[in-house]
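Shown here: protein-v2.cif, mmCIF, C-alpha atoms.
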```
data_target
loop_
_atom_site.label_atom_id
_atom_site.label_comp_id
_atom_site.auth_asym_id
_atom_site.auth_seq_id
_atom_site.Cartn_x
_atom_site.Cartn_y
_atom_site.Cartn_z
CA MET A 1 106.37 3.20 99.39
CA ALA A 2 103.75 5.92 99.48
CA GLY A 3 104.51 9.00 101.52
CA PRO A 4 102.45 10.17 104.49
CA ALA A 5 99.03 11.78 104.18
CA PHE A 6 98.46 15.23 105.69
CA ARG A 7 95.49 16.97 107.21
CA ALA A 8 93.83 19.67 105.15
CA ALA A 9 92.96 21.76 108.21
CA ALA A 10 95.46 24.00 109.97
CA VAL A 11 96.72 23.11 113.45
CA ARG A 12 97.61 25.43 116.31
CA VAL A 13 100.44 24.58 118.70
CA ARG A 14 101.24 26.44 121.93
CA THR A 15 104.67 26.15 123.57
CA PRO A 16 105.68 27.54 126.98
CA ALA A 17 108.76 29.42 128.07
CA THR A 18 111.07 27.42 130.30
CA SER A 19 113.78 28.04 132.86
CA ALA A 20 116.58 25.49 133.08
CA ASN A 21 119.16 24.76 135.78
CA LEU A 22 117.19 26.53 138.55
CA GLY A 23 120.48 27.10 140.33
CA PRO A 24 122.16 23.77 141.11
CA GLY A 25 120.42 21.52 138.56
CA PHE A 26 122.79 22.29 135.70
CA ASP A 27 121.61 20.76 132.39
CA ALA A 28 119.11 18.59 134.29
CA LEU A 29 116.29 20.53 135.95
CA GLY A 30 113.69 22.60 134.15
CA LEU A 31 110.51 24.51 134.94
CA SER A 32 107.69 25.32 132.54
CA LEU A 33 106.41 28.91 132.75
CA GLY A 34 103.13 30.55 131.75
CA LEU A 35 104.47 32.61 128.86
CA TYR A 36 103.70 31.22 125.42
CA ASP A 37 104.50 31.19 121.73
CA ASP A 38 101.69 30.17 119.37
CA VAL A 39 102.20 28.63 115.94
CA VAL A 40 99.57 27.89 113.29
CA VAL A 41 100.64 25.47 110.55
CA ARG A 42 98.79 24.45 107.40
CA VAL A 43 99.94 22.09 104.66
CA ALA A 44 99.79 23.96 101.36
CA ASP A 45 99.99 22.98 97.71
CA SER A 46 103.53 24.29 97.28
CA GLY A 47 106.25 26.51 98.67
CA LEU A 48 107.02 27.82 102.14
CA HIS A 49 105.44 30.92 103.67
CA VAL A 50 106.45 32.04 107.18
CA ASP A 51 104.83 34.98 108.96
CA ILE A 52 106.20 36.18 112.32
CA ALA A 53 104.65 38.59 114.81
CA GLY A 54 106.01 39.63 118.19
CA GLU A 55 109.47 38.69 119.46
CA GLY A 56 112.00 38.33 116.65
CA ALA A 57 109.65 39.66 113.98
CA GLY A 58 112.33 41.98 112.64
CA THR A 59 115.28 39.60 112.86
CA LEU A 60 114.21 35.98 112.43
CA PRO A 61 114.52 34.39 108.96
CA ARG A 62 111.40 33.50 107.01
CA ASP A 63 112.90 30.65 105.02
CA GLU A 64 114.21 27.12 105.53
CA SER A 65 116.85 28.37 107.98
CA HIS A 66 114.24 29.26 110.61
CA LEU A 67 114.75 26.93 113.58
CA LEU A 68 111.08 25.99 113.74
CA VAL A 69 111.08 25.08 110.04
CA ARG A 70 114.27 23.04 110.43
CA ALA A 71 112.71 21.16 113.34
CA MET A 72 109.57 20.49 111.29
CA ARG A 73 111.60 19.20 108.36
CA THR A 74 113.52 16.82 110.61
CA ALA A 75 110.28 15.53 112.11
CA PHE A 76 108.65 15.11 108.68
CA ASP A 77 111.60 12.97 107.56
CA LEU A 78 110.96 10.66 110.52
CA LEU A 79 107.23 10.66 109.77
CA GLY A 80 107.80 9.41 106.24
CA GLY A 81 108.17 12.43 103.98
CA GLN A 82 107.79 16.15 103.40
CA PRO A 83 104.54 17.94 102.49
CA ARG A 84 104.35 19.81 99.19
CA GLY A 85 104.13 23.17 100.90
CA LEU A 86 103.76 24.84 104.29
CA GLU A 87 102.12 27.97 105.61
CA ILE A 88 103.36 28.93 109.09
CA VAL A 89 102.20 31.82 111.27
CA CYS A 90 104.17 32.50 114.49
CA ALA A 91 103.01 34.66 117.37
CA ASN A 92 106.10 34.96 119.58
CA ARG A 93 105.97 36.18 123.17
CA ILE A 94 109.03 34.47 124.66
CA PRO A 95 112.05 36.85 124.62
CA HIS A 96 114.97 35.65 122.53
CA GLY A 97 118.46 35.17 123.90
CA ARG A 98 117.34 35.75 127.49
CA GLY A 99 117.52 32.26 129.02
CA LEU A 100 113.79 31.54 128.79
CA GLY A 101 113.95 28.68 126.32
CA SER A 102 112.93 30.43 123.09
CA SER A 103 114.92 27.96 120.96
CA SER A 104 113.40 24.99 122.78
CA ALA A 105 109.95 26.48 122.22
CA ALA A 106 110.62 26.76 118.48
CA ILE A 107 111.94 23.20 118.29
CA CYS A 108 109.05 21.72 120.27
CA ALA A 109 106.48 23.70 118.31
CA GLY A 110 107.97 22.48 115.05
CA ILE A 111 108.08 18.79 115.86
CA VAL A 112 104.66 18.73 117.54
CA ALA A 113 103.10 20.64 114.62
CA ALA A 114 104.66 18.24 112.11
CA ARG A 115 103.22 15.30 114.00
CA ALA A 116 99.83 16.98 114.31
CA VAL A 117 99.40 17.69 110.58
CA THR A 118 100.50 14.16 109.65
CA ILE A 119 97.69 11.61 109.65
CA GLY A 120 98.71 8.84 112.04
CA GLY A 121 101.56 10.99 113.33
CA GLU A 122 101.20 9.98 116.97
CA GLN A 123 101.63 6.32 116.07
CA LYS A 124 104.75 7.05 114.06
CA LEU A 125 106.32 9.48 116.54
CA ASP A 126 105.26 8.92 120.14
CA ASP A 127 106.00 11.23 123.09
CA ALA A 128 109.27 9.49 123.97
CA ALA A 129 110.43 9.90 120.38
CA LEU A 130 109.46 13.57 120.47
CA LEU A 131 111.70 14.14 123.50
CA GLU A 132 114.58 12.28 121.87
CA LEU A 133 114.20 14.27 118.65
CA ALA A 134 113.99 17.60 120.49
CA ASN A 135 117.10 16.69 122.48
CA GLU A 136 119.01 15.82 119.30
CA ILE A 137 118.15 19.18 117.75
CA GLU A 138 118.73 21.29 120.88
CA GLY A 139 121.79 19.41 122.14
CA HIS A 140 120.66 19.02 125.77
CA PRO A 141 117.36 17.88 127.28
CA ASP A 142 116.66 20.24 130.20
CA ASN A 143 114.66 22.95 128.42
CA VAL A 144 112.98 20.72 125.85
CA ALA A 145 111.79 18.29 128.53
CA ALA A 146 110.09 21.08 130.48
CA CYS A 147 108.73 22.58 127.26
CA LEU A 148 107.20 19.31 126.05
CA LEU A 149 105.96 17.95 129.38
CA GLY A 150 105.12 21.05 131.42
CA GLY A 151 105.55 21.28 135.18
CA PHE A 152 108.91 20.64 136.84
CA THR A 153 111.15 18.19 135.03
CA LEU A 154 114.28 16.19 135.69
CA ALA A 155 116.02 15.21 132.44
CA TRP A 156 119.03 13.05 131.68
CA THR A 157 120.52 10.93 128.92
CA ASP A 158 120.89 7.16 129.18
CA THR A 159 123.41 5.74 126.67
CA GLY A 160 122.70 8.76 124.49
CA THR A 161 118.92 8.59 124.76
CA ALA A 162 117.04 11.47 126.40
CA ARG A 163 114.83 10.64 129.37
CA ALA A 164 112.72 12.83 131.63
CA ILE A 165 110.52 12.70 134.72
CA ARG A 166 107.73 15.21 135.20
CA MET A 167 106.70 16.43 138.64
CA ASP A 168 104.10 18.94 139.84
CA PRO A 169 105.59 22.03 141.50
CA ALA A 170 103.92 23.30 144.64
CA ASP A 171 100.88 25.43 143.82
CA SER A 172 102.01 28.21 146.15
CA ILE A 173 105.15 29.00 144.12
CA VAL A 174 104.98 32.11 141.93
CA PRO A 175 107.77 32.63 139.36
CA VAL A 176 108.90 36.20 138.85
CA VAL A 177 111.25 36.87 135.93
CA PHE A 178 113.49 39.91 135.55
CA VAL A 179 114.31 40.30 131.85
CA PRO A 180 117.12 42.70 130.83
CA GLY A 181 117.14 44.62 127.60
CA LYS A 182 120.18 42.91 126.07
CA PRO A 183 120.57 39.21 125.26
CA VAL A 184 123.47 36.87 126.01
CA LEU A 185 124.23 34.08 123.59
CA THR A 186 124.08 30.61 125.12
CA ALA A 187 127.35 29.74 123.38
CA THR A 188 129.02 32.71 125.05
CA ALA A 189 127.76 31.72 128.49
CA ARG A 190 128.79 28.08 128.02
CA GLY A 191 132.21 29.16 126.80
CA LEU A 192 132.96 30.69 130.20
CA LEU A 193 132.53 27.41 132.07
CA PRO A 194 135.73 25.70 133.25
CA ARG A 195 136.54 22.15 132.17
CA THR A 196 136.91 21.03 135.79
CA VAL A 197 135.47 22.22 139.11
CA PRO A 198 136.51 21.53 142.71
CA HIS A 199 135.16 18.29 144.14
CA GLY A 200 133.64 20.17 147.07
CA ASP A 201 131.63 22.39 144.73
CA ALA A 202 130.34 19.39 142.79
CA ALA A 203 129.33 17.66 146.00
CA ALA A 204 127.58 20.77 147.28
CA ASN A 205 125.61 21.12 144.05
CA ALA A 206 124.56 17.48 144.11
CA GLY A 207 123.09 17.97 147.56
CA ARG A 208 121.36 21.22 146.64
CA ALA A 209 119.89 19.72 143.45
CA ALA A 210 118.44 16.85 145.44
CA LEU A 211 117.04 19.28 147.99
CA LEU A 212 115.53 21.37 145.19
CA VAL A 213 113.27 18.51 144.13
CA GLU A 214 111.77 18.45 147.64
CA ALA A 215 111.64 22.25 147.88
CA LEU A 216 109.92 22.79 144.53
CA THR A 217 107.35 20.06 144.96
CA ARG A 218 106.51 20.00 148.66
CA ARG A 219 108.49 22.42 150.84
CA PRO A 220 108.93 25.86 149.23
CA GLU A 221 110.32 27.24 152.48
CA LEU A 222 113.56 25.42 151.57
CA LEU A 223 113.96 27.13 148.20
CA LEU A 224 116.59 29.66 149.28
CA ALA A 225 118.99 26.94 150.42
CA ALA A 226 117.97 24.59 147.60
CA THR A 227 118.77 27.09 144.81
CA GLU A 228 122.38 27.70 145.86
CA ASP A 229 124.79 27.03 143.00
CA ARG A 230 128.57 26.64 142.75
CA LEU A 231 128.95 25.11 139.30
CA HIS A 232 128.04 27.69 136.68
CA GLN A 233 126.55 31.04 137.74
CA ASP A 234 129.67 32.70 139.15
CA TYR A 235 131.75 31.53 136.19
CA ARG A 236 129.26 33.14 133.81
CA ALA A 237 129.13 36.41 135.73
CA PRO A 238 131.54 38.28 133.38
CA ALA A 239 128.99 37.88 130.56
CA MET A 240 126.11 39.20 132.72
CA PRO A 241 127.42 41.19 135.69
CA GLU A 242 124.15 43.07 136.21
CA SER A 243 122.24 39.80 136.36
CA MET A 244 124.54 38.27 138.95
CA ALA A 245 124.42 41.49 140.97
CA LEU A 246 120.62 41.26 141.00
CA VAL A 247 120.72 37.57 141.98
CA ASN A 248 123.07 38.33 144.85
CA ARG A 249 120.99 41.30 146.01
CA LEU A 250 117.77 39.30 145.98
CA ARG A 251 119.34 36.34 147.78
CA ALA A 252 120.78 38.66 150.41
CA ASP A 253 117.18 39.75 151.05
CA GLY A 254 116.10 36.13 151.46
CA VAL A 255 114.59 35.73 147.96
CA PRO A 256 115.35 32.43 146.15
CA ALA A 257 116.78 33.85 142.92
CA VAL A 258 118.85 32.25 140.16
CA ILE A 259 120.06 32.88 136.64
CA SER A 260 117.45 31.48 134.27
CA GLY A 261 119.14 28.99 131.95
CA ALA A 262 122.23 30.54 130.40
CA GLY A 263 120.94 34.00 131.32
CA PRO A 264 120.76 36.90 131.47
CA THR A 265 117.18 36.72 132.83
CA VAL A 266 116.89 36.34 136.60
CA LEU A 267 114.24 34.00 138.01
CA ALA A 268 112.84 34.34 141.53
CA LEU A 269 110.63 31.63 143.04
CA VAL A 270 108.46 33.20 145.70
CA GLU A 271 105.23 32.77 147.66
CA GLU A 272 102.05 34.49 146.47
CA ALA A 273 102.12 37.11 149.23
CA ALA A 274 105.64 38.26 148.29
CA ALA A 275 105.34 38.27 144.48
CA GLU A 276 104.39 41.92 143.97
CA LYS A 277 106.99 43.17 146.44
CA VAL A 278 109.74 41.09 144.85
CA ALA A 279 108.79 42.23 141.34
CA ALA A 280 109.26 45.82 142.47
CA LEU A 281 112.88 45.21 143.51
CA ALA A 282 114.35 45.06 140.00
CA GLY A 283 115.10 48.72 139.40
CA GLU A 284 115.76 50.41 136.07
CA GLY A 285 116.76 48.38 133.03
CA TRP A 286 114.67 45.33 133.93
CA ALA A 287 111.24 44.17 132.84
CA ALA A 288 109.81 42.37 135.87
CA ASN A 289 107.01 39.94 135.07
CA ARG A 290 105.04 37.82 137.47
CA LEU A 291 104.16 34.59 135.67
CA THR A 292 102.26 31.41 136.41
CA LEU A 293 103.52 27.85 136.45
CA ASP A 294 102.60 25.96 133.28
CA ALA A 295 101.28 22.44 133.71
CA ALA A 296 100.39 21.48 130.12
CA GLY A 297 103.64 21.81 128.20
CA THR A 298 103.49 21.89 124.42
CA CYS A 299 99.98 21.17 123.22
CA VAL A 300 97.73 21.30 120.18
CA LEU A 301 94.85 23.73 120.70
CA PRO A 302 91.68 24.56 118.76
CA LEU A 303 92.08 27.36 116.25
CA ALA A 304 90.84 30.69 117.57
CA GLY A 305 87.40 31.60 116.31
#
```
Re-express the file's structure as structure tokens.
Amino acid sequence: MAGPAFRAAAVRVRTPATSANLGPGFDALGLSLGLYDDVVVRVADSGLHVDIAGEGAGTLPRDESHLLVRAMRTAFDLLGGQPRGLEIVCANRIPHGRGLGSSSAAICAGIVAARAVTIGGEQKLDDAALLELANEIEGHPDNVAACLLGGFTLAWTDTGTARAIRMDPADSIVPVVFVPGKPVLTATARGLLPRTVPHGDAAANAGRAALLVEALTRRPELLLAATEDRLHQDYRAPAMPESMALVNRLRADGVPAVISGAGPTVLALVEEAAAEKVAALAGEGWAANRLTLDAAGTCVLPLAG
């Protein structure tokens, strides 16, 4: 059987940062943020060339071990075969190891780019298959669902298959992220979680997660109550004490604040009028950034120029 045919022209893929959990929605809820990585991919005659600018430029590999390349290779196998060569240029803006979905962005960029450069790729690998593939590579669907779909997502697995629902967050919500200078490995943060939790805590989180869907989509005034968590943030505090101290300080001031993903970034979800004031509360050692909500998710864009 003949292998797939590839486009001669380069493709550009943009992937957003994401914040998972959002307090009580552990491994289920995700939010797409207006901070982006861009990747340009061209099928070449031979070899692999990877160029990286921005975040991770001095540390990320430029060979087959790069997560984006591994994701592309996995997608190409499903699409029918590998191209002879690849030229990849990455412009990274999402901080690494900070709980803003940089690995999910790399995975989603890789699989969407592989589909885009493959003629007939959308017929061979539809959007549901993209989510399933991204989940298999990442290991959980919360970040990759938000990264692929944009908006506010609820993700789950059904007999091992990843599923997701996309919702539109309320337009009035402004995400403010507080990014510390040092990363925390996701594996480290997950390793601090207990194997069991009190039934009362689980019940409380279930109620808050349900409330968060209403708060994020229609009633932002409920966000402070809706973002309360008892399942993971306090257990992870030893790995990021400064982050939890900031969360607690912001919440004491009435600001809906949570650990973003596995941390250590802190995410605050505020109204437009309060965004600048909240961003100024971080103090030394934090880069406070007011972002937008992303609605598009991972998408193929025209090449610049």
**Output check: residues returned by the PyMOL selection byres ((chain A and resi 168) around 7), as a list in words** = Gly151, Phe152, Arg166, Met167, Pro169, Ala170 and Thr217 of chain A
Tell me which protein, DNA and RNA residues are within 7 Å of Leu291 of chain A, counting only C-alpha atoms, leaving out same-chain ones fewer than 2 positions away, and put them as a tab-separated table (two decimals) with C-alpha atoms, in the coordinates of the input.
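And here's result24.tsv as it stands now:
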```
chain	number	residue	atom	x	y	z
A	33	LEU	CA	106.41	28.91	132.75
A	34	GLY	CA	103.13	30.55	131.75
A	174	VAL	CA	104.98	32.11	141.93
A	175	PRO	CA	107.77	32.63	139.36
A	176	VAL	CA	108.90	36.20	138.85
A	289	ASN	CA	107.01	39.94	135.07
A	293	LEU	CA	103.52	27.85	136.45
```
**Message:** Need the shell around segment 194-199 of chain A: protein/DNA/RNA residues with any atom at most 12 Å away, counting only C-alpha atoms. Skip same-chain ones fewer than 2 positions apart. Format as a ChimeraX atom specification?
**Reply:** /A:189-192,201-206,230-236
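The shortest atom-to-atom distance to Gly263 of chain A, with only C-alpha atoms taken into account, belongs to A:Met240 out of A:Ala275, A:Ala116, A:Met240, A:Ala109.
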Let me have the centre and edge lengths of the axis-aligned box enclosing all listed atoms of segment 91-96 of chain A with 5 Å padding on every side, in Å to one decimal, as lines of an AutoDock Vina configuration file.
```
center_x = 109.0
center_y = 35.7
center_z = 121.0
size_x = 22.0
size_y = 12.4
size_z = 17.3
```
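Distances here use all atoms listed in the file; by that measure, the residue among A:Gly101, A:Gly261, A:Gly150, A:Pro16 closest to Ala296 of chain A is A:Gly150.
The space between atom CA of Ala106 of chain A and atom CA of Asp229 of chain A spans 28.3 Å.
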For Ala287 of chain A, please output as a PDB file with C-alpha atoms, keeping the file's coordinate frame all residues within 12 Å (counting all atoms listed in the file; exclusion window: fewer than 6 positions along the same chain).
```pdb
ATOM      1  CA  PRO A  95     112.050  36.850 124.620  1.00  0.00           C
ATOM      2  CA  ARG A  98     117.340  35.750 127.490  1.00  0.00           C
ATOM      3  CA  VAL A 176     108.900  36.200 138.850  1.00  0.00           C
ATOM      4  CA  VAL A 177     111.250  36.870 135.930  1.00  0.00           C
ATOM      5  CA  PHE A 178     113.490  39.910 135.550  1.00  0.00           C
ATOM      6  CA  VAL A 179     114.310  40.300 131.850  1.00  0.00           C
ATOM      7  CA  PRO A 180     117.120  42.700 130.830  1.00  0.00           C
ATOM      8  CA  GLY A 181     117.140  44.620 127.600  1.00  0.00           C
ATOM      9  CA  LYS A 182     120.180  42.910 126.070  1.00  0.00           C
ATOM     10  CA  THR A 265     117.180  36.720 132.830  1.00  0.00           C
ATOM     11  CA  VAL A 266     116.890  36.340 136.600  1.00  0.00           C
ATOM     12  CA  LEU A 267     114.240  34.000 138.010  1.00  0.00           C
ATOM     13  CA  ALA A 279     108.790  42.230 141.340  1.00  0.00           C
ATOM     14  CA  ALA A 280     109.260  45.820 142.470  1.00  0.00           C
ATOM     15  CA  LEU A 281     112.880  45.210 143.510  1.00  0.00           C
TER      16      LEU A 281
END
```
**Request:** List the residues matched by the PyMOL selection byres ((chain A and resi 10) around 7) in the displayed structure as a VMD selection string, ordered by chain and then by residue number.
**Result:** chain A and resid 8 to 9 11 to 12 40 to 42
**Residue nearest Gly207 of chain A - candidates A:Ala225, A:Leu185, A:Ala53, A:Ile88, atoms counted: all atoms listed in the file** = A:Ala225
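The shortest atom-to-atom distance to Gly23 of chain A, with all atoms listed in the file taken into account, belongs to A:Ala226 out of A:Ala282, A:Ala226, A:Ala239, A:Ala295.
Of the residues listed (A:Leu22, A:Ile52, A:Ala155, A:Leu148), A:Leu22 shows the shortest atom-to-atom separation from Ala262 of chain A; distances use all atoms listed in the file.
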**Fill in**
Of A:Thr292, A:Ser65, A:Ser19, A:Thr161, the one sitting nearest Ala129 of chain A when using all atoms listed in the file is A:Thr161
Answer key for the PyMOL selection byres ((chain A and resi 142) around 9), residues as a PDB file with C-alpha atoms, keeping the file's coordinate frame:
```pdb
ATOM      1  CA  SER A  19     113.780  28.040 132.860  1.00  0.00           C
ATOM      2  CA  ALA A  20     116.580  25.490 133.080  1.00  0.00           C
ATOM      3  CA  ASN A  21     119.160  24.760 135.780  1.00  0.00           C
ATOM      4  CA  PHE A  26     122.790  22.290 135.700  1.00  0.00           C
ATOM      5  CA  ASP A  27     121.610  20.760 132.390  1.00  0.00           C
ATOM      6  CA  ALA A  28     119.110  18.590 134.290  1.00  0.00           C
ATOM      7  CA  LEU A  29     116.290  20.530 135.950  1.00  0.00           C
ATOM      8  CA  GLY A  30     113.690  22.600 134.150  1.00  0.00           C
ATOM      9  CA  LEU A  31     110.510  24.510 134.940  1.00  0.00           C
ATOM     10  CA  ASN A 135     117.100  16.690 122.480  1.00  0.00           C
ATOM     11  CA  HIS A 140     120.660  19.020 125.770  1.00  0.00           C
ATOM     12  CA  PRO A 141     117.360  17.880 127.280  1.00  0.00           C
ATOM     13  CA  ASN A 143     114.660  22.950 128.420  1.00  0.00           C
ATOM     14  CA  VAL A 144     112.980  20.720 125.850  1.00  0.00           C
ATOM     15  CA  ALA A 145     111.790  18.290 128.530  1.00  0.00           C
ATOM     16  CA  ALA A 146     110.090  21.080 130.480  1.00  0.00           C
ATOM     17  CA  CYS A 147     108.730  22.580 127.260  1.00  0.00           C
ATOM     18  CA  THR A 153     111.150  18.190 135.030  1.00  0.00           C
ATOM     19  CA  LEU A 154     114.280  16.190 135.690  1.00  0.00           C
ATOM     20  CA  ALA A 155     116.020  15.210 132.440  1.00  0.00           C
ATOM     21  CA  TRP A 156     119.030  13.050 131.680  1.00  0.00           C
ATOM     22  CA  ALA A 164     112.720  12.830 131.630  1.00  0.00           C
TER      23      ALA A 164
END
```
**Item:** Pairwise distance for atom CA of Pro264 of chain A and atom CA of Ala91 of chain A, rounded to one decimal in Å
**Value:** 22.8 Å
N, CA, C and O atoms for segment 211-230 of chain A, written as an mmCIF file, in the coordinates of the input, could you do that?
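As written to disk, result04.cif reads:
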```
data_model
loop_
_atom_site.group_PDB
_atom_site.id
_atom_site.type_symbol
_atom_site.label_atom_id
_atom_site.label_comp_id
_atom_site.auth_asym_id
_atom_site.auth_seq_id
_atom_site.Cartn_x
_atom_site.Cartn_y
_atom_site.Cartn_z
ATOM 1 N N LEU A 211 117.921 18.509 147.116
ATOM 2 C CA LEU A 211 117.040 19.280 147.990
ATOM 3 C C LEU A 211 116.026 20.079 147.180
ATOM 4 O O LEU A 211 114.872 20.246 147.614
ATOM 5 N N LEU A 212 116.421 20.553 146.009
ATOM 6 C CA LEU A 212 115.530 21.370 145.190
ATOM 7 C C LEU A 212 114.297 20.594 144.735
ATOM 8 O O LEU A 212 113.211 21.172 144.600
ATOM 9 N N VAL A 213 114.436 19.313 144.507
ATOM 10 C CA VAL A 213 113.270 18.510 144.130
ATOM 11 C C VAL A 213 112.234 18.545 145.256
ATOM 12 O O VAL A 213 111.029 18.736 145.014
ATOM 13 N N GLU A 214 112.678 18.381 146.493
ATOM 14 C CA GLU A 214 111.770 18.450 147.640
ATOM 15 C C GLU A 214 111.211 19.859 147.814
ATOM 16 O O GLU A 214 110.010 20.046 148.059
ATOM 17 N N ALA A 215 112.074 20.868 147.666
ATOM 18 C CA ALA A 215 111.640 22.250 147.880
ATOM 19 C C ALA A 215 110.612 22.698 146.847
ATOM 20 O O ALA A 215 109.625 23.366 147.189
ATOM 21 N N LEU A 216 110.824 22.343 145.590
ATOM 22 C CA LEU A 216 109.920 22.790 144.530
ATOM 23 C C LEU A 216 108.586 22.057 144.535
ATOM 24 O O LEU A 216 107.567 22.604 144.090
ATOM 25 N N THR A 217 108.580 20.847 145.014
ATOM 26 C CA THR A 217 107.350 20.060 144.960
ATOM 27 C C THR A 217 106.562 20.048 146.257
ATOM 28 O O THR A 217 105.332 19.946 146.222
ATOM 29 N N ARG A 218 107.241 20.160 147.402
ATOM 30 C CA ARG A 218 106.510 20.000 148.660
ATOM 31 C C ARG A 218 106.852 21.019 149.739
ATOM 32 O O ARG A 218 106.020 21.329 150.579
ATOM 33 N N ARG A 219 108.071 21.560 149.723
ATOM 34 C CA ARG A 219 108.490 22.420 150.840
ATOM 35 C C ARG A 219 109.161 23.695 150.318
ATOM 36 O O ARG A 219 110.383 23.842 150.383
ATOM 37 N N PRO A 220 108.360 24.634 149.804
ATOM 38 C CA PRO A 220 108.930 25.860 149.230
ATOM 39 C C PRO A 220 109.752 26.682 150.211
ATOM 40 O O PRO A 220 110.585 27.492 149.782
ATOM 41 N N GLU A 221 109.536 26.475 151.504
ATOM 42 C CA GLU A 221 110.320 27.240 152.480
ATOM 43 C C GLU A 221 111.806 26.897 152.414
ATOM 44 O O GLU A 221 112.643 27.635 152.950
ATOM 45 N N LEU A 222 112.162 25.812 151.721
ATOM 46 C CA LEU A 222 113.560 25.420 151.570
ATOM 47 C C LEU A 222 114.201 25.950 150.289
ATOM 48 O O LEU A 222 115.359 25.649 150.011
ATOM 49 N N LEU A 223 113.467 26.733 149.520
ATOM 50 C CA LEU A 223 113.960 27.130 148.200
ATOM 51 C C LEU A 223 115.227 27.980 148.241
ATOM 52 O O LEU A 223 116.073 27.876 147.353
ATOM 53 N N LEU A 224 115.387 28.821 149.235
ATOM 54 C CA LEU A 224 116.590 29.660 149.280
ATOM 55 C C LEU A 224 117.836 28.790 149.376
ATOM 56 O O LEU A 224 118.797 28.963 148.615
ATOM 57 N N ALA A 225 117.842 27.842 150.300
ATOM 58 C CA ALA A 225 118.990 26.940 150.420
ATOM 59 C C ALA A 225 119.099 26.029 149.198
ATOM 60 O O ALA A 225 120.205 25.762 148.706
ATOM 61 N N ALA A 226 117.964 25.573 148.683
ATOM 62 C CA ALA A 226 117.970 24.590 147.600
ATOM 63 C C ALA A 226 118.434 25.169 146.275
ATOM 64 O O ALA A 226 118.861 24.422 145.385
ATOM 65 N N THR A 227 118.371 26.475 146.081
ATOM 66 C CA THR A 227 118.770 27.090 144.810
ATOM 67 C C THR A 227 120.207 27.594 144.811
ATOM 68 O O THR A 227 120.634 28.249 143.864
ATOM 69 N N GLU A 228 120.964 27.283 145.835
ATOM 70 C CA GLU A 228 122.380 27.700 145.860
ATOM 71 C C GLU A 228 123.168 26.930 144.806
ATOM 72 O O GLU A 228 123.029 25.715 144.655
ATOM 73 N N ASP A 229 124.002 27.650 144.075
ATOM 74 C CA ASP A 229 124.790 27.030 143.000
ATOM 75 C C ASP A 229 126.264 27.380 143.123
ATOM 76 O O ASP A 229 126.616 28.505 143.468
ATOM 77 N N ARG A 230 127.122 26.395 142.796
ATOM 78 C CA ARG A 230 128.570 26.640 142.750
ATOM 79 C C ARG A 230 129.188 26.197 141.430
ATOM 80 O O ARG A 230 130.412 26.313 141.268
#
```
